[in-house]
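Asker: What follows is entry.txt, made up of compact mmCIF, C-alpha atoms:
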# COMPACT_ATOMS: atom_id res chain seq x y z
CA MET A 1 -6.60 31.89 5.39
CA LEU A 2 -5.09 31.90 8.88
CA LEU A 3 -3.90 28.68 10.39
CA ARG A 4 -7.28 27.54 11.64
CA ARG A 5 -10.70 28.68 10.56
CA ASP A 6 -13.62 26.54 11.59
CA ARG A 7 -15.61 27.39 8.45
CA ALA A 8 -12.69 26.34 6.22
CA MET A 9 -12.13 23.11 8.14
CA ILE A 10 -15.81 22.22 7.98
CA ALA A 11 -15.85 22.95 4.24
CA VAL A 12 -12.88 20.61 3.73
CA LEU A 13 -14.64 17.96 5.84
CA ILE A 14 -17.85 18.30 3.78
CA MET A 15 -15.97 18.01 0.49
CA LEU A 16 -13.98 15.02 1.75
CA ASP A 17 -17.17 13.33 2.98
CA VAL A 18 -18.78 13.73 -0.44
CA ALA A 19 -15.61 12.55 -2.24
CA PHE A 20 -15.24 9.55 0.07
CA HIS A 21 -18.87 8.44 0.30
CA ALA A 22 -20.31 9.43 -3.09
CA GLY A 23 -17.45 9.83 -5.51
CA ARG A 24 -18.28 11.37 -8.87
CA SER A 25 -21.48 9.49 -9.70
CA GLY A 26 -23.29 8.93 -6.40
CA THR A 27 -24.86 11.47 -4.08
CA VAL A 28 -24.73 12.11 -0.34
CA SER A 29 -27.51 13.79 1.61
CA ALA A 30 -26.92 16.80 3.83
CA ALA A 31 -28.35 14.83 6.74
CA ASP A 32 -25.79 12.03 6.25
CA ILE A 33 -22.90 14.50 6.01
CA ALA A 34 -24.04 16.27 9.17
CA GLU A 35 -24.50 13.01 11.07
CA ARG A 36 -21.05 11.66 10.17
CA ALA A 37 -19.43 15.01 11.03
CA GLY A 38 -21.32 15.40 14.30
CA LEU A 39 -22.73 18.74 13.17
CA ALA A 40 -26.22 20.19 12.92
CA ARG A 41 -27.67 19.96 9.42
CA ARG A 42 -28.89 23.55 9.52
CA GLY A 43 -25.35 24.58 10.46
CA ILE A 44 -23.76 23.12 7.33
CA GLU A 45 -26.48 24.07 4.84
CA PRO A 46 -25.08 27.58 4.18
CA LEU A 47 -21.68 26.03 3.43
CA LEU A 48 -23.27 23.42 1.16
CA GLN A 49 -24.99 26.23 -0.75
CA THR A 50 -21.74 28.19 -1.01
CA LEU A 51 -19.85 25.14 -2.28
CA SER A 52 -22.67 24.40 -4.76
CA ARG A 53 -22.74 27.97 -6.09
CA SER A 54 -18.99 27.77 -6.67
CA ASN A 55 -19.44 24.50 -8.62
CA LEU A 56 -17.20 22.54 -6.25
CA LEU A 57 -20.35 20.59 -5.37
CA GLU A 58 -23.32 19.77 -7.52
CA SER A 59 -26.74 19.71 -5.91
CA VAL A 60 -29.10 16.98 -7.13
CA ARG A 61 -32.83 17.17 -6.44
CA GLY A 62 -35.26 14.32 -6.09
CA PRO A 63 -35.72 11.17 -4.04
CA ARG A 64 -32.12 10.05 -4.64
CA GLY A 65 -30.88 13.62 -4.43
CA GLY A 66 -28.07 15.09 -2.42
CA TYR A 67 -24.63 16.36 -3.25
CA ARG A 68 -21.83 15.11 -5.45
CA LEU A 69 -18.53 16.57 -6.57
CA GLY A 70 -18.73 19.24 -9.24
CA ARG A 71 -15.49 18.08 -10.84
CA PRO A 72 -13.03 15.21 -10.39
CA ARG A 73 -11.53 14.98 -6.91
CA ARG A 74 -7.98 15.17 -8.26
CA ASP A 75 -8.83 18.63 -9.67
CA ILE A 76 -10.07 20.10 -6.39
CA THR A 77 -7.36 21.38 -4.04
CA LEU A 78 -7.69 22.30 -0.40
CA ALA A 79 -6.81 25.86 -1.44
CA ASP A 80 -9.88 25.91 -3.75
CA ILE A 81 -12.12 24.84 -0.88
CA VAL A 82 -10.64 27.20 1.70
CA GLU A 83 -10.79 30.14 -0.70
CA ILE A 84 -14.51 29.58 -1.36
CA ALA A 85 -15.33 28.91 2.30
CA THR A 86 -13.56 32.01 3.60
CA ALA A 87 -14.50 34.40 0.79
CA ASP A 88 -17.25 35.94 2.92
CA ASP A 89 -14.90 36.58 5.84
CA SER A 90 -14.40 40.28 6.21
CA SER A 91 -11.45 41.83 7.94
CA SER A 92 -12.73 43.41 11.09
CA ASP A 93 -11.10 46.25 12.96
CA ASP A 94 -11.83 44.74 16.37
CA GLY A 95 -8.71 42.54 16.33
CA PRO A 96 -5.37 43.11 17.98
CA ALA A 97 -3.46 46.33 17.46
CA GLY A 98 -0.31 48.02 18.66
CA ALA A 99 3.33 48.14 17.67
CA LEU A 100 4.20 44.57 18.73
CA PHE A 101 1.28 43.18 16.79
CA ALA A 102 1.97 45.26 13.68
CA ARG A 103 5.74 44.75 13.60
CA VAL A 104 6.18 41.24 14.98
CA VAL A 105 3.07 39.10 15.31
CA GLU A 106 1.27 40.04 12.09
CA PRO A 107 4.32 39.59 9.78
CA CYS A 108 5.16 36.28 11.46
CA TRP A 109 1.56 35.10 11.16
CA GLN A 110 1.51 36.09 7.50
CA LYS A 111 4.59 33.96 6.79
CA LEU A 112 2.98 30.99 8.51
CA ASP A 113 -0.25 31.62 6.62
CA ASP A 114 1.64 31.74 3.31
CA ALA A 115 3.32 28.40 4.10
CA VAL A 116 -0.05 26.81 4.88
CA ALA A 117 -1.47 28.19 1.62
CA VAL A 118 1.40 26.61 -0.35
CA GLN A 119 0.68 23.22 1.22
CA CYS A 120 -3.07 23.59 0.57
CA ARG A 121 -2.37 24.17 -3.13
CA LYS A 122 -0.41 20.89 -3.22
CA LEU A 123 -3.12 18.72 -1.61
CA SER A 124 -6.17 17.55 -3.54
CA LEU A 125 -9.32 15.78 -2.40
CA ASP A 126 -7.89 12.70 -4.08
CA ASP A 127 -4.90 12.87 -1.72
CA LEU A 128 -7.22 13.08 1.30
CA VAL A 129 -9.37 10.16 0.10
CA ARG A 130 -6.20 8.09 -0.26
CA ARG A 131 -5.15 9.08 3.27
CA ALA A 132 -8.54 8.01 4.58
CA GLU A 133 -8.23 4.65 2.82
CA SER A 134 -4.67 4.11 4.04
CA SER A 135 -5.80 4.84 7.61
CA GLY A 136 -8.10 1.82 7.38
CA MET A 137 -11.35 3.55 6.47
CA ARG A 138 -13.43 1.66 3.92
CA ARG A 139 -15.35 3.39 1.20
CA PRO A 140 -18.98 2.29 1.04
CA LEU A 141 -19.90 -0.25 -1.56
CA ALA A 142 -22.47 0.68 -4.13
CA GLU A 143 -25.96 -0.36 -3.14
CA PRO A 144 -27.13 -3.46 -4.97
CA ILE A 145 -29.89 -2.86 -7.45
CA THR A 146 -33.12 -4.43 -6.27
CA PHE A 147 -36.27 -4.84 -8.28
CA SER A 148 -39.73 -5.62 -7.03
CA ILE A 149 -42.62 -6.43 -9.25
Would you give me this structure, written as structure tokens?

Answerer:
Amino acid sequence: MLLRRDRAMIAVLIMLDVAFHAGRSGTVSAADIAERAGLARRGIEPLLQTLSRSNLLESVRGPRGGYRLGRPRRDITLADIVEIATADDSSSDDGPAGALFARVVEPCWQKLDDAVAVQCRKLSLDDLVRRAESSGMRRPLAEPITFSI
């Protein structure tokens, strides 16, 4: 997992955006997610596809289409998201080497990584939505139904 991986952090942000703005029944468009996150839509689309294939997100087609959570937010942990987002990461041999790295830095980093993983298993999307609400953020109200004849 490592302490910071941009792909993992963006995946958590995407999932939190969907949980916060759409909940279980509504949908959120990729364009809206990208705009709120300050990211390029084409940059997050591969992650959206990965999250959809893993059933963490559900993709809905059509004029009111977009993304919604694949299961209740209380059942999705940060560890689930990070695991899916970093599954394609391959260990490369172009990283640090040497005795100090192998005997000191790498074991220390692994302990830190393990501690982060434990915390990620304890936090759910529901916890993050509650944190957003307690920080003063307001969840959007459902759009009123309008009819025109």

Asker: Each residue of segment 42-83 of chain A lying at most 10 Å from segment 112-119 of chain A should get a row with its shortest atom-to-atom pair and the distance in Å to one decimal, counting only C-alpha atoms; could you produce that, ordered by chain and increasing number, as a Markdown table?

Answerer:
| residue | atom | partner | partner_atom | distance |
| --- | --- | --- | --- | --- |
| A:Thr77 | CA | A:Gln119 | CA | 9.8 |
| A:Leu78 | CA | A:Gln119 | CA | 8.6 |
| A:Ala79 | CA | A:Ala117 | CA | 6.6 |
| A:Val82 | CA | A:Ala117 | CA | 9.2 |
| A:Glu83 | CA | A:Ala117 | CA | 9.8 |

Asker: With only C-alpha atoms as the counted atoms, please give the residues lying no more than 9 Å from Ser59 of chain A, apart from itself and same-chain residues fewer than 5 positions off, as a PDB file with C-alpha atoms, in the coordinates of the input.

Answerer:
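So the final result, stored in around.pdb, reads:
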ATOM      1  CA  THR A  27     -24.860  11.470  -4.080  1.00  0.00           C
ATOM      2  CA  LEU A  48     -23.270  23.420   1.160  1.00  0.00           C
ATOM      3  CA  GLN A  49     -24.990  26.230  -0.750  1.00  0.00           C
ATOM      4  CA  SER A  52     -22.670  24.400  -4.760  1.00  0.00           C
ATOM      5  CA  GLY A  65     -30.880  13.620  -4.430  1.00  0.00           C
ATOM      6  CA  GLY A  66     -28.070  15.090  -2.420  1.00  0.00           C
ATOM      7  CA  TYR A  67     -24.630  16.360  -3.250  1.00  0.00           C
ATOM      8  CA  ARG A  68     -21.830  15.110  -5.450  1.00  0.00           C
ATOM      9  CA  LEU A  69     -18.530  16.570  -6.570  1.00  0.00           C
ATOM     10  CA  GLY A  70     -18.730  19.240  -9.240  1.00  0.00           C
TER      11      GLY A  70
END

Asker: In the coordinate frame of the file, compute which residues have an atom within 9 Å of (-17.1, 22.7, -6.0) when using all atoms listed in the file, and state them as a PDB file with C-alpha atoms, in the coordinates of the input.

Answerer:
ATOM      1  CA  MET A  15     -15.970  18.010   0.490  1.00  0.00           C
ATOM      2  CA  THR A  50     -21.740  28.190  -1.010  1.00  0.00           C
ATOM      3  CA  LEU A  51     -19.850  25.140  -2.280  1.00  0.00           C
ATOM      4  CA  SER A  52     -22.670  24.400  -4.760  1.00  0.00           C
ATOM      5  CA  ARG A  53     -22.740  27.970  -6.090  1.00  0.00           C
ATOM      6  CA  SER A  54     -18.990  27.770  -6.670  1.00  0.00           C
ATOM      7  CA  ASN A  55     -19.440  24.500  -8.620  1.00  0.00           C
ATOM      8  CA  LEU A  56     -17.200  22.540  -6.250  1.00  0.00           C
ATOM      9  CA  LEU A  57     -20.350  20.590  -5.370  1.00  0.00           C
ATOM     10  CA  GLU A  58     -23.320  19.770  -7.520  1.00  0.00           C
ATOM     11  CA  ARG A  68     -21.830  15.110  -5.450  1.00  0.00           C
ATOM     12  CA  LEU A  69     -18.530  16.570  -6.570  1.00  0.00           C
ATOM     13  CA  GLY A  70     -18.730  19.240  -9.240  1.00  0.00           C
ATOM     14  CA  ARG A  71     -15.490  18.080 -10.840  1.00  0.00           C
ATOM     15  CA  ILE A  76     -10.070  20.100  -6.390  1.00  0.00           C
ATOM     16  CA  ASP A  80      -9.880  25.910  -3.750  1.00  0.00           C
ATOM     17  CA  ILE A  81     -12.120  24.840  -0.880  1.00  0.00           C
ATOM     18  CA  ILE A  84     -14.510  29.580  -1.360  1.00  0.00           C
TER      19      ILE A  84
END

Asker: Hey, which of A:Val12, A:Val28, A:Asp6, A:Arg121 ends up closest to Pro140 of chain A? Count all atoms listed in the file.

Answerer: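 Comparing A:Val12, A:Val28, A:Asp6, A:Arg121 against Pro140 of chain A, the winner is A:Val28.
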
Asker: So, with only C-alpha atoms as the atoms that count, which of A:Cys108, A:Ile44, A:Leu100, A:Leu13 lies closest to Ala132 of chain A?

Answerer: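 Using only C-alpha atoms, the shortest distance to Ala132 of chain A belongs to A:Leu13.
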
Asker: Go through A:Gly95, A:Leu16, A:Phe101, A:Arg41 and flag the residue nearest Ser124 of chain A, using only C-alpha atoms for the distances.

Answerer: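 The shortest atom-to-atom distance to Ser124 of chain A comes from A:Leu16.
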
Asker: Between atom CA of Pro46 of chain A and atom CA of Ala85 of chain A, what distance in Å does the model show, to one decimal?

Answerer: 10.0 Å

Asker: If I take atom CA of Ile33 of chain A and atom CA of Arg139 of chain A, how far is one from the other in Å, to one decimal?

Answerer: 14.3 Å

Asker: Kindly write segment 64-76 of chain A with all heavy atoms to a file, as a compact mmCIF listing (two decimals), in the first residue's frame.

Answerer:
# COMPACT_ATOMS: atom_id res chain seq x y z
N ARG A 64 -29.86 9.82 -17.21
CA ARG A 64 -29.63 10.08 -15.78
C ARG A 64 -28.54 9.15 -15.24
O ARG A 64 -28.48 8.89 -14.05
CB ARG A 64 -30.93 9.84 -14.99
CG ARG A 64 -32.00 10.84 -15.27
CD ARG A 64 -31.88 11.93 -14.28
NE ARG A 64 -33.04 12.80 -14.35
CZ ARG A 64 -33.09 13.91 -13.68
NH1 ARG A 64 -32.11 14.27 -12.92
NH2 ARG A 64 -34.14 14.68 -13.79
N GLY A 65 -27.70 8.68 -16.14
CA GLY A 65 -26.67 7.72 -15.78
C GLY A 65 -25.53 8.34 -15.01
O GLY A 65 -25.47 9.54 -14.77
N GLY A 66 -24.62 7.49 -14.63
CA GLY A 66 -23.46 7.90 -13.86
C GLY A 66 -23.00 6.74 -13.01
O GLY A 66 -23.09 5.58 -13.42
N TYR A 67 -22.54 7.06 -11.83
CA TYR A 67 -22.04 6.03 -10.92
C TYR A 67 -22.74 6.13 -9.58
O TYR A 67 -23.09 7.20 -9.12
CB TYR A 67 -20.53 6.20 -10.72
CG TYR A 67 -19.75 5.97 -11.99
CD1 TYR A 67 -19.48 7.02 -12.85
CD2 TYR A 67 -19.33 4.70 -12.34
CE1 TYR A 67 -18.79 6.80 -14.03
CE2 TYR A 67 -18.64 4.47 -13.52
CZ TYR A 67 -18.38 5.54 -14.36
OH TYR A 67 -17.71 5.32 -15.53
N ARG A 68 -22.93 4.96 -8.97
CA ARG A 68 -23.44 4.89 -7.61
C ARG A 68 -22.69 3.76 -6.91
O ARG A 68 -22.03 2.94 -7.55
CB ARG A 68 -24.95 4.67 -7.59
CG ARG A 68 -25.42 3.38 -8.17
CD ARG A 68 -26.94 3.27 -8.03
NE ARG A 68 -27.43 2.21 -8.89
CZ ARG A 68 -28.53 2.30 -9.62
NH1 ARG A 68 -29.27 3.39 -9.60
NH2 ARG A 68 -28.91 1.29 -10.36
N LEU A 69 -22.83 3.72 -5.60
CA LEU A 69 -22.13 2.70 -4.83
C LEU A 69 -22.66 1.31 -5.17
O LEU A 69 -23.85 1.13 -5.36
CB LEU A 69 -22.29 2.95 -3.33
CG LEU A 69 -21.67 4.24 -2.80
CD1 LEU A 69 -21.94 4.37 -1.30
CD2 LEU A 69 -20.19 4.30 -3.09
N GLY A 70 -21.76 0.36 -5.22
CA GLY A 70 -22.13 -1.02 -5.51
C GLY A 70 -22.68 -1.76 -4.31
O GLY A 70 -23.33 -2.80 -4.45
N ARG A 71 -22.40 -1.25 -3.12
CA ARG A 71 -22.95 -1.83 -1.89
C ARG A 71 -23.02 -0.72 -0.84
O ARG A 71 -22.48 0.37 -1.07
CB ARG A 71 -22.13 -3.03 -1.42
CG ARG A 71 -20.66 -2.82 -1.27
CD ARG A 71 -19.98 -4.16 -0.99
NE ARG A 71 -18.72 -3.95 -0.31
CZ ARG A 71 -17.56 -4.36 -0.78
NH1 ARG A 71 -17.49 -5.02 -1.91
NH2 ARG A 71 -16.45 -4.12 -0.11
N PRO A 72 -23.66 -0.95 0.28
CA PRO A 72 -23.82 0.11 1.27
C PRO A 72 -22.47 0.69 1.72
O PRO A 72 -21.49 -0.05 1.85
CB PRO A 72 -24.53 -0.58 2.44
CG PRO A 72 -25.22 -1.74 1.82
CD PRO A 72 -24.34 -2.19 0.68
N ARG A 73 -22.46 1.98 1.97
CA ARG A 73 -21.19 2.66 2.30
C ARG A 73 -20.58 2.15 3.60
O ARG A 73 -19.37 2.19 3.76
CB ARG A 73 -21.39 4.17 2.32
CG ARG A 73 -22.31 4.67 3.37
CD ARG A 73 -22.55 6.16 3.24
NE ARG A 73 -23.16 6.66 4.46
CZ ARG A 73 -23.84 7.77 4.55
NH1 ARG A 73 -24.00 8.52 3.48
NH2 ARG A 73 -24.34 8.14 5.70
N ARG A 74 -21.37 1.65 4.50
CA ARG A 74 -20.83 1.10 5.75
C ARG A 74 -20.06 -0.20 5.51
O ARG A 74 -19.27 -0.62 6.34
CB ARG A 74 -21.93 0.91 6.79
CG ARG A 74 -22.87 -0.22 6.47
CD ARG A 74 -23.98 -0.41 7.51
NE ARG A 74 -24.91 -1.41 7.07
CZ ARG A 74 -25.95 -1.18 6.26
NH1 ARG A 74 -26.19 0.03 5.84
NH2 ARG A 74 -26.74 -2.17 5.90
N ASP A 75 -20.32 -0.84 4.36
CA ASP A 75 -19.67 -2.12 4.04
C ASP A 75 -18.45 -1.98 3.15
O ASP A 75 -17.87 -2.98 2.73
CB ASP A 75 -20.68 -3.05 3.35
CG ASP A 75 -21.83 -3.43 4.26
OD1 ASP A 75 -21.68 -3.35 5.50
OD2 ASP A 75 -22.89 -3.81 3.73
N ILE A 76 -18.06 -0.75 2.84
CA ILE A 76 -16.90 -0.52 1.99
C ILE A 76 -15.82 0.16 2.83
O ILE A 76 -16.00 1.28 3.29
CB ILE A 76 -17.25 0.37 0.78
CG1 ILE A 76 -18.34 -0.28 -0.07
CG2 ILE A 76 -16.00 0.63 -0.07
CD1 ILE A 76 -18.88 0.60 -1.19
